[in-house]
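Accompanying notes for the structure given below.
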Amino acid sequence: MQVVIDILENELIEKYPDILGILLRDQTTQKNIFWATDNYEHFGDSYRFNSEILPELITGEKGNVIMPRVHKDKILQLSRSKEMAEVFTPSWICNAQNNLVDNSWFGKDGIFNKEILLKNGTKSWETTKEKIVFPKGKTWQDYVCDTRLEITCGEAPYLVSRYDTTTGKFIKTEDRIGLLDRKLRVVNENLDSINEWLKAVEIAYKSTYGFEWQGDSLLLAREALLITFIENFTHKFQTEPTLKTIQNIAEIISWNIWQMDGLKGVIPTSCGTKTTETTNLFGEIEKEEKPCEGCTKSNIHNHNGIYCLIKDWKNKGQKIRFVDLINK
């Protein structure tokens, strides 16, 4: 892959067969993720809000349809911010907040980097060069398998930081600050065998989750996590991983980074008024319309939409409803 922030679907489909199809899959519905936005409807009926995102809609001559927010038209950026509360956080803020997570986990500050103020008044960080040392009673394996979740993840800047989402500046592999980036750094520092490295990285991906409403942002997030894997493998071993290995990571990503209405735990817009038919004592068919109880009573456990499934990888990959992880 080229060192660019916009991952080109044409390049994905040419260089890595079947990968784009995996990244577009919705594991709950066994269909493709859908647009869930009206921003693309000017391209035609196949780009309407409820239409699935198909490979042929974003490749070929349409290969530049989906692009990172930093490359989108400024008017469109403002529109999405207003309508969908889409606000992308600068990388230095993502780093500062991720540092708080690690400060608590390690019991001290400055583990992965030091936050700094640049001469131009902007904030950044300096990456620590020393190998990460783990506190008493905790190992690097504990850190790698610890569960992380980015809610309403957009392009997933808290998980992987290939580029600054507000400036578009590419960030070198060794200087990245995402929650998954940090797991990968730890694996890179502790393993040199390709087979052992792949096993540990698989665990890192299986313990990293995120959900997003809009289909285009979701695809960008999934692509970013996949290319992050390829870049780390290449950085570590000076060669690219096999297609089979890439497909395996893509499959994990398609389960762990999913499309969901975060307030309801269901596929976006899948709730609604349902019509039921019953036959009365006189043989007449009676129809009754029932609105979604979860929506009317604001109860996340009583929606009539399609509840999203994820995998509990620590329990033999058992499929579970995400909503069941939330206390009633």
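Chain labels A, B, ... are given in the sequence in which chains occur in the structure tokens; within each chain residues are numbered consecutively from 1, and ligands are likewise numbered from 1 in the order shown.
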- prompt: So which residues touch Gly110 in chain A within 8 Å, counting only C-alpha atoms, skipping near sequence neighbours fewer than 5 positions away, as number ranges by chain?
  reply: A: 99, 103, 128
Mind listing the alpha helix (DSSP H) residues of range 66-187 of chain A, per DSSP on the backbone, as a PyMOL selection string?
-> chain A and resi 74-84+91-106+140-145+179-187
Nearest to Pro157 in chain A, restricted to only C-alpha atoms and choosing among A:Asp192, A:Glu174, A:Glu231, A:Asp181, comes out as A:Asp181
Find the residues near Phe34 in chain A: any atom within 10 Å, counting only C-alpha atoms, skip ones fewer than 2 places away on the same chain, and give them as an MDAnalysis selection string.
chainID A and resid 24:26 31:32 36:37 47:54 213:216 218:219 259 267:268
Emit the selected residues as a PDB file, in the first residue's frame, including C-alpha atoms.
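After the write, again24.pdb holds the following:
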ATOM      1  CA  LEU A  24     -18.235  -4.168   3.766  1.00  0.00           C
ATOM      2  CA  ARG A  25     -19.997  -7.080   5.494  1.00  0.00           C
ATOM      3  CA  ASP A  26     -22.482  -6.552   8.294  1.00  0.00           C
ATOM      4  CA  LYS A  31     -25.783  -8.175   4.222  1.00  0.00           C
ATOM      5  CA  ASN A  32     -23.484  -5.241   3.548  1.00  0.00           C
ATOM      6  CA  ALA A  36     -27.060   5.624   6.617  1.00  0.00           C
ATOM      7  CA  THR A  37     -26.586   9.135   5.233  1.00  0.00           C
ATOM      8  CA  TYR A  47     -26.510   5.622  -2.939  1.00  0.00           C
ATOM      9  CA  ARG A  48     -29.658   6.448  -0.983  1.00  0.00           C
ATOM     10  CA  PHE A  49     -29.796   6.347   2.814  1.00  0.00           C
ATOM     11  CA  ASN A  50     -30.966   2.731   3.149  1.00  0.00           C
ATOM     12  CA  SER A  51     -28.949   1.291   0.247  1.00  0.00           C
ATOM     13  CA  GLU A  52     -26.167  -1.205   0.903  1.00  0.00           C
ATOM     14  CA  ILE A  53     -22.618  -0.158   0.094  1.00  0.00           C
ATOM     15  CA  LEU A  54     -21.556  -2.496  -2.696  1.00  0.00           C
ATOM     16  CA  TRP A 213     -23.772   4.898  12.628  1.00  0.00           C
ATOM     17  CA  GLN A 214     -22.687   6.144   9.174  1.00  0.00           C
ATOM     18  CA  GLY A 215     -21.566   3.545   6.662  1.00  0.00           C
ATOM     19  CA  ASP A 216     -18.876   5.601   4.968  1.00  0.00           C
ATOM     20  CA  LEU A 218     -17.450   2.831   9.347  1.00  0.00           C
ATOM     21  CA  LEU A 219     -15.722   1.595   6.191  1.00  0.00           C
ATOM     22  CA  GLN A 259     -22.691  -0.412  12.365  1.00  0.00           C
ATOM     23  CA  ILE A 267     -28.998  -1.535  13.327  1.00  0.00           C
ATOM     24  CA  PRO A 268     -29.701   2.168  12.545  1.00  0.00           C
TER      25      PRO A 268
END
So which residues of range 67-301 of chain A fall under strand (DSSP E or B) by DSSP, listed as a PyMOL selection string? chain A and resi 113-117+123-127+148-150+163+170+208-212+257-259+261+266+274-279+285-290
Q.
So that I can see what lies close to Gly63 in chain A, please list as a count of residues only the residues with an atom at most 12 Å from it, counting only C-alpha atoms and leaving out residues fewer than 6 positions away in the same chain.
A. 13
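All residues of protein, DNA or RNA that reach within 9 Å of range 269-281 of chain A, judged by only C-alpha atoms and not counting those fewer than 3 positions away in the chain, are Ala36, Asn50, Asp261, Val266, Glu284, Ile285, Glu286, Lys287, Glu288, Glu289, Lys290, Pro291, Cys292, Gly294, Cys295, His303, Asn304, Gly305, Ile306 and Tyr307 of chain A.
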Could you take the residues named above and write them with C-alpha atoms, as a JSON list (two decimals), in the first residue's frame?
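See selection28.json below for the written result:
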[["chain", "number", "residue", "atom", "x", "y", "z"],
["A", 36, "ALA", "CA", -27.06, 5.62, 6.62],
["A", 50, "ASN", "CA", -30.97, 2.73, 3.15],
["A", 261, "ASP", "CA", -27.34, 3.11, 16.65],
["A", 266, "VAL", "CA", -29.76, -1.90, 17.02],
["A", 284, "GLU", "CA", -62.05, -12.07, 10.19],
["A", 285, "ILE", "CA", -58.47, -10.82, 9.95],
["A", 286, "GLU", "CA", -57.70, -7.99, 12.31],
["A", 287, "LYS", "CA", -54.63, -5.82, 11.99],
["A", 288, "GLU", "CA", -52.90, -4.09, 14.88],
["A", 289, "GLU", "CA", -50.08, -1.60, 14.65],
["A", 290, "LYS", "CA", -47.58, -1.57, 17.48],
["A", 291, "PRO", "CA", -44.94, 1.14, 17.79],
["A", 292, "CYS", "CA", -41.49, 0.25, 19.09],
["A", 294, "GLY", "CA", -38.07, 0.73, 23.30],
["A", 295, "CYS", "CA", -38.40, 3.97, 21.33],
["A", 303, "HIS", "CA", -36.60, -2.18, 20.87],
["A", 304, "ASN", "CA", -38.19, -4.07, 17.99],
["A", 305, "GLY", "CA", -35.29, -3.33, 15.66],
["A", 306, "ILE", "CA", -32.41, -5.66, 14.79],
["A", 307, "TYR", "CA", -30.11, -5.93, 17.78]]
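Checking A:Tyr143, A:Tyr209, A:Phe43, A:Tyr16 one by one against Tyr158 in chain A, counting only C-alpha atoms, you find the shortest gap at A:Tyr209.
With CA of Ser207 in chain A on one side and CA of Arg148 in chain A on the other, the separation reads 6.3 Å.
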May I have the residues within 8 Å of range 236-238 of chain A as a short mmCIF file (atom, residue, chain, number, x, y, z; two decimals) with all heavy atoms, in the first residue's frame, using only C-alpha atoms and disregarding those fewer than 4 positions away in the same chain?
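Saved to selection-v2.cif:
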data_model
loop_
_atom_site.label_atom_id
_atom_site.label_comp_id
_atom_site.auth_asym_id
_atom_site.auth_seq_id
_atom_site.Cartn_x
_atom_site.Cartn_y
_atom_site.Cartn_z
N ASN A 188 5.28 -5.54 19.11
CA ASN A 188 6.50 -5.34 18.34
C ASN A 188 7.75 -5.38 19.22
O ASN A 188 8.80 -5.89 18.81
CB ASN A 188 6.45 -3.99 17.60
CG ASN A 188 5.50 -4.00 16.41
OD1 ASN A 188 5.20 -5.07 15.87
ND2 ASN A 188 5.02 -2.84 16.02
N ILE A 194 7.52 -14.49 13.60
CA ILE A 194 6.33 -14.10 12.85
C ILE A 194 5.08 -14.81 13.37
O ILE A 194 4.04 -14.18 13.57
CB ILE A 194 6.52 -14.38 11.34
CG1 ILE A 194 7.53 -13.40 10.74
CG2 ILE A 194 5.18 -14.28 10.60
CD1 ILE A 194 7.73 -13.56 9.25
N ASN A 232 2.20 -2.30 10.25
CA ASN A 232 2.99 -2.78 11.38
C ASN A 232 3.75 -4.06 11.03
O ASN A 232 4.92 -4.21 11.42
CB ASN A 232 2.08 -3.03 12.59
CG ASN A 232 1.92 -1.81 13.46
OD1 ASN A 232 2.70 -1.57 14.39
ND2 ASN A 232 0.92 -1.00 13.15
#
Nearest to Lys138 in chain A, restricted to only C-alpha atoms and choosing among A:Gly107, A:Lys123, A:Cys153, A:Ile249, comes out as A:Gly107
Note to self: If we count only C-alpha atoms and set the cut-off at 12 Å, which residues sit around Pro135 in chain A, ignoring sequence neighbours fewer than 3 positions away in its own chain? Please answer as a ChimeraX atom specification.
What the structure shows: /A:102-108,111,132,138-140,142-143
Would you save the residues of that selection, restricted to all heavy atoms, as a CSV table (one decimal), in the first residue's frame?
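Once everything was written out, this is selection_23.csv:
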chain,number,residue,atom,x,y,z
A,102,ASP,N,-4.1,4.8,30.0
A,102,ASP,CA,-2.8,4.1,30.4
A,102,ASP,C,-2.2,4.5,31.7
A,102,ASP,O,-1.6,3.7,32.4
A,102,ASP,CB,-1.8,4.3,29.2
A,102,ASP,CG,-2.1,3.4,28.0
A,102,ASP,OD1,-2.6,2.3,28.2
A,102,ASP,OD2,-1.9,3.8,26.9
A,103,ASN,N,-2.4,5.8,32.1
A,103,ASN,CA,-1.9,6.3,33.4
A,103,ASN,C,-2.6,5.4,34.5
A,103,ASN,O,-1.9,5.1,35.5
A,103,ASN,CB,-2.2,7.7,33.6
A,103,ASN,CG,-1.4,8.6,32.6
A,103,ASN,OD1,-0.5,8.2,32.0
A,103,ASN,ND2,-1.8,9.9,32.6
A,104,SER,N,-3.9,5.2,34.3
A,104,SER,CA,-4.6,4.4,35.3
A,104,SER,C,-4.2,2.9,35.2
A,104,SER,O,-4.0,2.3,36.3
A,104,SER,CB,-6.1,4.5,35.0
A,104,SER,OG,-6.8,3.6,35.9
A,105,TRP,N,-4.0,2.4,34.0
A,105,TRP,CA,-3.6,1.0,33.9
A,105,TRP,C,-2.2,0.7,34.5
A,105,TRP,O,-2.0,-0.3,35.2
A,105,TRP,CB,-3.7,0.5,32.4
A,105,TRP,CG,-3.8,-0.9,32.2
A,105,TRP,CD1,-4.9,-1.7,32.1
A,105,TRP,CD2,-2.7,-1.9,32.1
A,105,TRP,NE1,-4.6,-3.0,31.9
A,105,TRP,CE2,-3.2,-3.2,31.9
A,105,TRP,CE3,-1.3,-1.7,32.1
A,105,TRP,CZ2,-2.5,-4.3,31.7
A,105,TRP,CZ3,-0.5,-2.9,32.0
A,105,TRP,CH2,-1.1,-4.2,31.8
A,106,PHE,N,-1.3,1.6,34.2
A,106,PHE,CA,0.1,1.4,34.6
A,106,PHE,C,0.4,1.9,36.0
A,106,PHE,O,1.4,1.6,36.6
A,106,PHE,CB,1.1,2.0,33.6
A,106,PHE,CG,1.3,1.3,32.3
A,106,PHE,CD1,0.5,1.4,31.2
A,106,PHE,CD2,2.4,0.4,32.2
A,106,PHE,CE1,0.6,0.7,30.1
A,106,PHE,CE2,2.6,-0.3,31.0
A,106,PHE,CZ,1.7,-0.2,30.0
A,107,GLY,N,-0.4,2.9,36.4
A,107,GLY,CA,-0.2,3.5,37.7
A,107,GLY,C,0.8,4.6,37.7
A,107,GLY,O,1.2,5.0,38.8
A,108,LYS,N,1.1,5.1,36.5
A,108,LYS,CA,2.0,6.2,36.4
A,108,LYS,C,1.9,6.9,35.1
A,108,LYS,O,1.3,6.3,34.2
A,108,LYS,CB,3.5,5.8,36.7
A,108,LYS,CG,4.1,4.9,35.7
A,108,LYS,CD,5.6,4.6,36.0
A,108,LYS,CE,6.2,3.7,35.0
A,108,LYS,NZ,7.7,3.5,35.2
A,111,ILE,N,3.9,6.8,29.9
A,111,ILE,CA,4.4,5.4,29.5
A,111,ILE,C,4.8,5.4,28.0
A,111,ILE,O,5.9,5.0,27.6
A,111,ILE,CB,3.3,4.4,29.8
A,111,ILE,CG1,2.9,4.4,31.2
A,111,ILE,CG2,3.7,3.0,29.3
A,111,ILE,CD1,4.1,4.0,32.1
A,132,ILE,N,8.7,-0.5,26.7
A,132,ILE,CA,7.7,-0.3,27.8
A,132,ILE,C,8.0,-1.3,28.9
A,132,ILE,O,8.1,-2.5,28.7
A,132,ILE,CB,6.3,-0.5,27.2
A,132,ILE,CG1,6.0,0.5,26.0
A,132,ILE,CG2,5.2,-0.3,28.3
A,132,ILE,CD1,6.2,1.9,26.4
A,138,LYS,N,1.5,-7.3,36.5
A,138,LYS,CA,0.9,-7.2,35.1
A,138,LYS,C,2.0,-7.5,34.1
A,138,LYS,O,3.2,-7.1,34.3
A,138,LYS,CB,0.4,-5.8,34.9
A,138,LYS,CG,-0.9,-5.4,35.8
A,138,LYS,CD,-1.4,-4.1,35.4
A,138,LYS,CE,-2.7,-3.8,36.2
A,138,LYS,NZ,-3.3,-2.5,35.9
A,139,THR,N,1.6,-8.1,33.0
A,139,THR,CA,2.5,-8.4,31.9
A,139,THR,C,2.1,-7.7,30.6
A,139,THR,O,1.0,-7.2,30.5
A,139,THR,CB,2.5,-9.9,31.7
A,139,THR,OG1,1.2,-10.3,31.2
A,139,THR,CG2,2.8,-10.7,33.0
A,140,TRP,N,3.0,-7.8,29.6
A,140,TRP,CA,2.6,-7.2,28.3
A,140,TRP,C,1.4,-7.9,27.7
A,140,TRP,O,0.6,-7.4,27.0
A,140,TRP,CB,3.8,-7.1,27.4
A,140,TRP,CG,4.3,-8.5,26.9
A,140,TRP,CD1,5.4,-9.2,27.4
A,140,TRP,CD2,3.9,-9.2,25.8
A,140,TRP,NE1,5.6,-10.4,26.7
A,140,TRP,CE2,4.7,-10.4,25.7
A,140,TRP,CE3,2.9,-9.0,24.8
A,140,TRP,CZ2,4.5,-11.3,24.6
A,140,TRP,CZ3,2.7,-9.9,23.8
A,140,TRP,CH2,3.5,-11.1,23.7
A,142,ASP,N,-1.1,-9.1,29.3
A,142,ASP,CA,-2.3,-8.6,30.0
A,142,ASP,C,-2.8,-7.3,29.3
A,142,ASP,O,-4.0,-7.1,29.0
A,142,ASP,CB,-2.0,-8.3,31.5
A,142,ASP,CG,-1.8,-9.5,32.3
A,142,ASP,OD1,-2.3,-10.6,32.0
A,142,ASP,OD2,-1.0,-9.4,33.3
A,143,TYR,N,-1.8,-6.5,28.9
A,143,TYR,CA,-2.1,-5.2,28.2
A,143,TYR,C,-2.7,-5.5,26.9
A,143,TYR,O,-3.7,-4.9,26.5
A,143,TYR,CB,-0.9,-4.4,28.1
A,143,TYR,CG,-1.1,-3.0,27.5
A,143,TYR,CD1,-1.6,-2.0,28.3
A,143,TYR,CD2,-0.9,-2.8,26.2
A,143,TYR,CE1,-1.8,-0.7,27.8
A,143,TYR,CE2,-1.2,-1.5,25.6
A,143,TYR,CZ,-1.6,-0.5,26.4
A,143,TYR,OH,-1.9,0.7,25.9
Enumerate, in order of chain and increasing residue number, the residues of range 167-239 of chain A with an atom no farther than 12 Å from range 314-325 of chain A, each with its shortest atom pair and distance in Å to one decimal, counting only C-alpha atoms, as CSV.
residue,atom,partner,partner_atom,distance
A:Glu202,CA,A:Lys314,CA,12.0
A:Ile203,CA,A:Lys314,CA,9.3
A:Ala204,CA,A:Lys314,CA,11.8
A:Lys206,CA,A:Lys314,CA,8.5
A:Ser207,CA,A:Lys314,CA,8.7
A:Tyr209,CA,A:Phe322,CA,11.0
A:Gly210,CA,A:Phe322,CA,11.2
A:Phe211,CA,A:Phe322,CA,10.4
Dump of C-alpha atoms for the selected residues, as a PDB file, in the first residue's frame:
ATOM      1  CA  GLU A 202      -4.791 -11.356  16.543  1.00  0.00           C
ATOM      2  CA  ILE A 203      -5.527 -11.129  20.275  1.00  0.00           C
ATOM      3  CA  ALA A 204      -4.945  -7.359  20.145  1.00  0.00           C
ATOM      4  CA  LYS A 206     -10.007  -9.343  19.010  1.00  0.00           C
ATOM      5  CA  SER A 207      -9.919  -7.192  22.164  1.00  0.00           C
ATOM      6  CA  TYR A 209     -13.974  -2.746  19.478  1.00  0.00           C
ATOM      7  CA  GLY A 210     -15.837   0.234  18.032  1.00  0.00           C
ATOM      8  CA  PHE A 211     -19.231   1.100  16.559  1.00  0.00           C
TER       9      PHE A 211
END
